[in-house]
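Quick look at target20.tsv (TSV, C-alpha atoms):
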```
chain	number	residue	atom	x	y	z
A	1020	MET	CA	13.17	120.94	53.92
A	1021	ALA	CA	10.15	120.92	51.61
A	1022	GLY	CA	9.19	117.89	49.58
A	1023	THR	CA	9.14	117.78	45.78
A	1024	LEU	CA	6.08	118.16	43.58
A	1025	TYR	CA	6.18	115.55	40.81
A	1026	LEU	CA	4.02	116.09	37.71
A	1027	ILE	CA	3.02	112.56	36.72
A	1028	PRO	CA	1.50	111.96	33.25
A	1029	VAL	CA	-1.03	109.18	32.77
A	1030	PRO	CA	-2.23	107.30	29.65
A	1031	LEU	CA	-4.67	109.00	27.29
A	1032	GLY	CA	-7.02	106.02	27.42
A	1033	PRO	CA	-7.50	102.45	28.65
A	1034	VAL	CA	-4.07	101.02	27.81
A	1035	ASP	CA	-1.28	99.43	29.83
A	1036	PRO	CA	0.64	102.36	31.42
A	1037	ALA	CA	3.91	100.58	30.59
A	1038	SER	CA	3.08	101.05	26.89
A	1039	CYS	CA	3.34	104.85	27.09
A	1040	LEU	CA	5.10	105.72	30.37
A	1041	PRO	CA	8.83	105.15	30.88
A	1042	PRO	CA	10.09	103.07	33.84
A	1043	ASP	CA	11.36	106.14	35.70
A	1044	THR	CA	7.91	107.77	35.63
A	1045	LEU	CA	6.26	104.59	36.85
A	1046	ALA	CA	8.88	104.21	39.61
A	1047	VAL	CA	8.12	107.69	41.00
A	1048	ALA	CA	4.37	107.08	40.94
A	1049	ARG	CA	4.83	103.78	42.78
A	1050	ARG	CA	6.92	105.22	45.62
A	1051	LEU	CA	4.67	108.18	46.46
A	1052	ASP	CA	1.78	107.93	48.90
A	1053	CYS	CA	0.44	111.52	48.60
A	1054	PHE	CA	-1.32	112.76	45.48
A	1055	VAL	CA	-3.37	115.70	44.22
A	1056	VAL	CA	-5.63	114.63	41.37
A	1057	GLU	CA	-8.41	115.92	39.17
A	1058	ARG	CA	-10.77	113.08	40.12
A	1059	ALA	CA	-10.05	110.58	42.88
A	1060	LYS	CA	-11.85	107.61	41.31
A	1061	THR	CA	-9.95	107.93	38.03
A	1062	ALA	CA	-6.64	108.51	39.82
A	1063	ARG	CA	-7.05	105.35	41.90
A	1064	ALA	CA	-7.63	103.37	38.71
A	1065	HIS	CA	-4.50	104.90	37.13
A	1066	LEU	CA	-2.34	104.17	40.19
A	1067	LYS	CA	-3.61	100.61	40.39
A	1068	ALA	CA	-2.81	100.08	36.71
A	1069	MET	CA	0.66	101.54	37.32
A	1070	GLY	CA	1.28	98.77	39.86
A	1071	HIS	CA	1.35	100.87	43.02
A	1072	PRO	CA	2.52	98.51	45.80
A	1073	LEU	CA	0.33	99.97	48.57
A	1074	PRO	CA	-3.42	99.36	48.99
A	1075	ILE	CA	-4.94	102.06	46.81
A	1076	GLN	CA	-7.46	103.07	49.49
A	1077	SER	CA	-4.58	103.77	51.89
A	1078	LEU	CA	-3.10	106.50	49.69
A	1079	ASN	CA	-3.56	110.17	50.60
A	1080	ILE	CA	-5.50	111.54	47.62
A	1081	ALA	CA	-6.88	115.10	47.44
A	1082	GLU	CA	-8.85	116.54	44.53
A	1083	LEU	CA	-8.12	119.71	42.55
A	1084	ASN	CA	-10.49	120.43	39.68
A	1085	GLU	CA	-12.59	123.20	38.17
A	1086	HIS	CA	-14.82	123.20	41.28
A	1087	THR	CA	-11.94	123.76	43.73
A	1088	PRO	CA	-12.01	127.30	45.18
A	1089	ALA	CA	-8.76	129.21	44.94
A	1090	ALA	CA	-8.68	129.55	48.73
A	1091	ALA	CA	-8.43	125.75	49.08
A	1092	ILE	CA	-5.25	125.35	47.03
A	1093	ASP	CA	-2.93	126.51	49.81
A	1094	ALA	CA	-3.95	123.57	52.00
A	1095	LEU	CA	-2.99	121.10	49.26
A	1096	LEU	CA	0.65	122.07	49.79
A	1097	ALA	CA	0.62	120.71	53.37
A	1098	PRO	CA	2.44	117.43	52.59
A	1099	LEU	CA	5.15	119.33	50.68
A	1100	ARG	CA	5.65	121.76	53.57
A	1101	ALA	CA	6.01	118.77	55.88
A	1102	GLY	CA	8.82	117.39	53.74
A	1103	ARG	CA	6.79	114.73	51.91
A	1104	ASP	CA	6.91	114.33	48.13
A	1105	LEU	CA	3.62	114.83	46.31
A	1106	GLY	CA	2.39	113.63	42.93
A	1107	LEU	CA	0.06	115.64	40.67
A	1108	LEU	CA	-2.14	113.65	38.25
A	1109	SER	CA	-4.60	114.80	35.60
A	1110	GLU	CA	-7.55	112.84	34.21
A	1111	ALA	CA	-5.47	111.99	31.14
A	1112	GLY	CA	-2.15	113.01	29.67
A	1113	CYS	CA	0.13	115.63	31.21
A	1114	PRO	CA	-0.91	117.43	34.40
A	1115	ALA	CA	-1.05	121.24	34.44
A	1116	VAL	CA	-1.41	121.44	30.63
A	1117	ALA	CA	-4.97	122.59	29.88
A	1118	ASP	CA	-5.58	121.25	33.37
A	1119	PRO	CA	-6.54	122.80	36.73
A	1120	GLY	CA	-3.39	121.37	38.30
A	1121	ALA	CA	-1.47	124.40	36.99
A	1122	ALA	CA	-2.75	126.33	40.03
A	1123	LEU	CA	-0.97	123.90	42.37
A	1124	VAL	CA	2.26	124.19	40.38
A	1125	MET	CA	2.12	128.00	40.66
A	1126	ALA	CA	1.45	127.76	44.39
A	1127	ALA	CA	4.52	125.52	44.75
A	1128	HIS	CA	6.68	128.02	42.88
A	1129	ARG	CA	5.53	130.83	45.17
A	1130	GLU	CA	6.97	128.87	48.10
A	1131	ASN	CA	10.15	127.77	46.30
A	1132	ILE	CA	9.05	124.13	46.38
A	1133	PRO	CA	10.86	122.02	43.76
A	1134	VAL	CA	8.74	120.98	40.78
A	1135	ILE	CA	9.78	118.07	38.57
A	1136	PRO	CA	7.85	117.22	35.37
A	1137	LEU	CA	7.98	113.58	34.34
A	1138	ILE	CA	7.83	112.10	30.84
A	1139	GLY	CA	4.57	110.86	29.38
A	1140	PRO	CA	2.00	111.37	26.60
A	1141	SER	CA	0.67	114.83	25.72
A	1142	SER	CA	-2.25	114.77	23.29
A	1143	ILE	CA	-1.48	118.33	22.20
A	1144	LEU	CA	2.12	117.61	21.24
A	1145	LEU	CA	1.32	114.22	19.71
A	1146	ALA	CA	-1.31	115.85	17.50
A	1147	LEU	CA	1.05	118.65	16.50
A	1148	MET	CA	3.91	116.26	15.74
A	1149	ALA	CA	1.76	114.09	13.49
A	1150	SER	CA	-0.19	116.86	11.79
A	1151	GLY	CA	2.47	118.10	9.40
A	1152	LEU	CA	1.22	121.62	10.07
A	1153	GLY	CA	4.47	122.74	11.65
A	1154	GLY	CA	5.42	123.44	15.23
A	1155	GLN	CA	7.66	126.47	14.84
A	1156	ARG	CA	4.73	128.65	15.88
A	1157	PHE	CA	1.50	127.31	17.36
A	1158	ALA	CA	-1.22	128.13	19.88
A	1159	PHE	CA	-3.59	125.95	21.87
A	1160	HIS	CA	-7.08	127.28	22.53
A	1161	GLY	CA	-8.81	124.57	24.58
A	1162	TYR	CA	-12.50	124.27	23.72
A	1163	LEU	CA	-14.29	126.37	21.12
A	1164	PRO	CA	-17.85	127.64	21.68
A	1165	ALA	CA	-20.35	124.78	21.61
A	1166	LYS	CA	-23.17	126.64	19.86
A	1167	GLU	CA	-23.69	128.49	16.61
A	1168	PRO	CA	-23.10	131.15	15.42
A	1169	GLU	CA	-20.39	131.69	18.05
A	1170	ARG	CA	-18.55	128.50	17.08
A	1171	SER	CA	-18.21	129.36	13.38
A	1172	GLN	CA	-17.26	132.92	14.23
A	1173	ARG	CA	-14.46	131.65	16.46
A	1174	ILE	CA	-13.30	129.24	13.74
A	1175	ARG	CA	-13.00	132.09	11.24
A	1176	GLU	CA	-11.09	134.17	13.81
A	1177	LEU	CA	-8.60	131.34	14.31
A	1178	GLU	CA	-8.21	130.98	10.55
A	1179	LYS	CA	-7.33	134.68	10.29
A	1180	THR	CA	-4.81	134.26	13.11
A	1181	ALA	CA	-3.29	131.20	11.43
A	1182	ARG	CA	-2.88	133.13	8.18
A	1183	ARG	CA	-1.57	136.33	9.78
A	1184	ASP	CA	0.89	134.68	12.18
A	1185	LYS	CA	1.72	131.64	10.05
A	1186	ALA	CA	1.00	129.63	13.18
A	1187	THR	CA	-0.83	126.34	13.71
A	1188	GLN	CA	-4.01	126.70	15.78
A	1189	LEU	CA	-4.90	123.72	18.00
A	1190	PHE	CA	-8.08	123.01	19.97
A	1191	ILE	CA	-10.03	120.09	21.41
A	1192	GLU	CA	-13.63	118.97	21.74
A	1193	THR	CA	-15.61	116.55	23.87
A	1194	PRO	CA	-16.31	113.24	22.09
A	1195	TYR	CA	-20.04	113.82	21.73
A	1196	ARG	CA	-19.44	117.15	19.91
A	1197	SER	CA	-16.45	116.16	17.76
A	1198	ALA	CA	-18.57	115.34	14.71
A	1199	ALA	CA	-20.41	118.66	14.88
A	1200	LEU	CA	-17.14	120.56	15.19
A	1201	LEU	CA	-15.65	118.84	12.15
A	1202	ASP	CA	-18.76	119.77	10.15
A	1203	ALA	CA	-18.42	123.38	11.33
A	1204	LEU	CA	-14.74	123.47	10.34
A	1205	ALA	CA	-15.48	122.12	6.87
A	1206	ALA	CA	-18.24	124.69	6.37
A	1207	ALA	CA	-16.66	127.80	7.93
A	1208	LEU	CA	-13.07	127.57	6.71
A	1209	ALA	CA	-11.77	128.45	3.27
A	1210	PRO	CA	-11.69	125.29	1.10
A	1211	ASP	CA	-7.86	125.17	1.00
A	1212	THR	CA	-7.28	125.72	4.73
A	1213	LEU	CA	-5.64	122.65	6.22
A	1214	VAL	CA	-7.45	120.73	8.95
A	1215	SER	CA	-5.68	118.09	10.98
A	1216	VAL	CA	-7.59	115.52	13.03
A	1217	GLY	CA	-5.89	113.49	15.75
A	1218	ALA	CA	-8.38	111.02	17.22
A	1219	ASP	CA	-7.74	108.56	20.08
A	1220	LEU	CA	-4.06	109.48	20.13
A	1221	SER	CA	-1.70	106.75	21.40
A	1222	LEU	CA	-4.59	104.25	21.57
A	1223	PRO	CA	-5.08	101.19	19.34
A	1224	SER	CA	-7.93	103.04	17.55
A	1225	GLN	CA	-5.72	106.06	16.73
A	1226	MET	CA	-6.51	107.98	13.54
A	1227	ILE	CA	-4.49	110.98	12.30
A	1228	ARG	CA	-5.17	112.76	9.01
A	1229	THR	CA	-4.51	116.22	7.57
A	1230	LEU	CA	-6.62	117.33	4.62
A	1231	LYS	CA	-8.00	120.50	3.07
A	1232	ALA	CA	-11.16	121.72	4.77
A	1233	GLU	CA	-13.29	120.90	1.73
A	1234	ALA	CA	-12.15	117.26	1.86
A	1235	TRP	CA	-13.62	116.86	5.35
A	1236	ARG	CA	-17.16	117.66	4.20
A	1237	GLY	CA	-19.45	114.75	4.95
A	1238	GLN	CA	-16.70	112.89	6.82
A	1239	ASN	CA	-17.84	113.48	10.40
A	1240	ASP	CA	-18.24	109.76	11.11
A	1241	ALA	CA	-14.43	109.64	11.29
A	1242	VAL	CA	-14.48	111.51	14.60
A	1243	ARG	CA	-17.91	110.77	16.02
A	1244	ASP	CA	-17.76	110.03	19.77
A	1245	ARG	CA	-13.95	110.07	19.77
A	1246	LEU	CA	-11.39	112.11	21.70
A	1247	VAL	CA	-9.96	114.52	19.14
A	1248	VAL	CA	-7.32	117.24	18.92
A	1249	PHE	CA	-7.99	119.48	15.92
A	1250	GLY	CA	-5.48	121.71	14.16
A	1251	ILE	CA	-5.78	124.27	11.39
A	1252	ALA	CA	-3.14	126.06	9.34
A	1253	VAL	CA	-2.87	128.07	6.14
A	1254	GLN	CA	0.09	126.81	4.12
A	1255	ASP	CA	1.21	126.62	0.54
A	1256	VAL	CA	2.02	122.92	0.61
A	1257	PRO	CA	0.59	120.02	-1.44
A	1258	VAL	CA	-1.79	117.75	0.47
A	1259	PRO	CA	-4.23	115.03	-0.63
A	1260	LYS	CA	-7.68	116.19	-1.66
A	1261	SER	CA	-9.31	113.06	-0.23
```
Would you give me this structure, written as structure tokens?
Amino acid sequence: MAGTLYLIPVPLGPVDPASCLPPDTLAVARRLDCFVVERAKTARAHLKAMGHPLPIQSLNIAELNEHTPAAAIDALLAPLRAGRDLGLLSEAGCPAVADPGAALVMAAHRENIPVIPLIGPSSILLALMASGLGGQRFAFHGYLPAKEPERSQRIRELEKTARRDKATQLFIETPYRSAALLDALAAALAPDTLVSVGADLSLPSQMIRTLKAEAWRGQNDAVRDRLVVFGIAVQDVPVPKS
């Protein structure tokens, strides 16, 4: 009988895992000794913080990231085929959501291997919940182009989609480009388009605000060098101007 693939969320930053992961999630992580992770060094730190009872260096940890060739994924299922349970960890948040671990989950499904997602923080859902932009219809787009004019062109395309579909558009940016992206949003969007910023979600430094695009002009220090999930929507609702 095959083992079970557990999708184990991790904190979104340097906080006590017990502050954002329920006891059942921590209990599963602590009993497993086989893991597939995005980066071994980070995963070892997560597992140590979770209170794993075994010496961390004794754990069976394999990497799956953007550099992993598709042909190598099949071999990562070996513990599951042998009847051993396996844990999948991302760098932060939920595995297999905007994460290369999705390829392992699909490989498990092809072989009828049980997959169990565990409860933990998702930056995308936390940002959507707190944005006020509405979650009835939404789309997540990952990273936008890093350079102009492609970035502003993509922003205007997403604004058109938000207006046409009445759907919230979500995307992320690396910390060192967050300030530049907020400037681009403020400049490229219509003044009344709503822009939500969720920075350092679930961390002590968390900041969440939704304002009209024009109100974000000159405010890029609010997101500089911070992990941010951005959202835009076109709605006829009253919001603060500043």
Problem set entry | Shell of 12 Å around segment 1204-1211 of chain A, all atoms listed in the file, local chain residues under 6 positions omitted, as a PyMOL selection string | chain A and resi 1163+1167-1179+1181-1182+1190+1197-1198+1229-1239+1249-1260
Write the residues of the preceding selection, restricted to C-alpha atoms, as a compact mmCIF listing (two decimals), in the coordinates of the input.
```txt
# COMPACT_ATOMS: atom_id res chain seq x y z
CA LEU A 1163 -14.29 126.37 21.12
CA GLU A 1167 -23.69 128.49 16.61
CA PRO A 1168 -23.10 131.15 15.42
CA GLU A 1169 -20.39 131.69 18.05
CA ARG A 1170 -18.55 128.50 17.08
CA SER A 1171 -18.21 129.36 13.38
CA GLN A 1172 -17.26 132.92 14.23
CA ARG A 1173 -14.46 131.65 16.46
CA ILE A 1174 -13.30 129.24 13.74
CA ARG A 1175 -13.00 132.09 11.24
CA GLU A 1176 -11.09 134.17 13.81
CA LEU A 1177 -8.60 131.34 14.31
CA GLU A 1178 -8.21 130.98 10.55
CA LYS A 1179 -7.33 134.68 10.29
CA ALA A 1181 -3.29 131.20 11.43
CA ARG A 1182 -2.88 133.13 8.18
CA PHE A 1190 -8.08 123.01 19.97
CA SER A 1197 -16.45 116.16 17.76
CA ALA A 1198 -18.57 115.34 14.71
CA THR A 1229 -4.51 116.22 7.57
CA LEU A 1230 -6.62 117.33 4.62
CA LYS A 1231 -8.00 120.50 3.07
CA ALA A 1232 -11.16 121.72 4.77
CA GLU A 1233 -13.29 120.90 1.73
CA ALA A 1234 -12.15 117.26 1.86
CA TRP A 1235 -13.62 116.86 5.35
CA ARG A 1236 -17.16 117.66 4.20
CA GLY A 1237 -19.45 114.75 4.95
CA GLN A 1238 -16.70 112.89 6.82
CA ASN A 1239 -17.84 113.48 10.40
CA PHE A 1249 -7.99 119.48 15.92
CA GLY A 1250 -5.48 121.71 14.16
CA ILE A 1251 -5.78 124.27 11.39
CA ALA A 1252 -3.14 126.06 9.34
CA VAL A 1253 -2.87 128.07 6.14
CA GLN A 1254 0.09 126.81 4.12
CA ASP A 1255 1.21 126.62 0.54
CA VAL A 1256 2.02 122.92 0.61
CA PRO A 1257 0.59 120.02 -1.44
CA VAL A 1258 -1.79 117.75 0.47
CA PRO A 1259 -4.23 115.03 -0.63
CA LYS A 1260 -7.68 116.19 -1.66
```
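Computed from the coordinates, the atom CA of Ile1135 of chain A to atom CA of Ala1081 of chain A distance equals 19.1 Å.
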Problem set entry | For Leu1051 of chain A, the nearest of the candidates A:Ala1068, A:Leu1024, A:Met1125, A:Leu1222, counting all atoms listed in the file | A:Leu1024
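One finds atom CA of Glu1110 of chain A at 11.2 Å from atom CA of Val1055 of chain A.
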For this session: Can you work out which one of A:Asn1084, A:Thr1193, A:Ser1109, A:Ser1215 has the shortest atom-to-atom distance to Met1148 of chain A, counting only C-alpha atoms?
Result: A:Ser1215
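Here atom CA of Ser1142 of chain A and atom CA of Gln1188 of chain A stand 14.2 Å from one another.
Restricting the calculation to all atoms listed in the file, the smallest distance between Gly1070 of chain A and any of A:Thr1044, A:Gln1155, A:Thr1087, A:Thr1023 is found for A:Thr1044.
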For this session: Can you pull out every residue within 12 Å of Gly1032 of chain A, counting only C-alpha atoms, but drop anything in the same chain fewer than 3 positions away, and send it as number ranges by chain?
Result: A: 1028-1029, 1035-1036, 1038-1039, 1061, 1064-1065, 1068, 1110-1112, 1140-1142, 1218-1225, 1245-1246
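Nearest-residue note for Ala1037 of chain A: choosing from A:Val1248, A:Glu1085, A:Ile1143, A:Met1069, the minimum distance belongs to A:Met1069, counting only C-alpha atoms.
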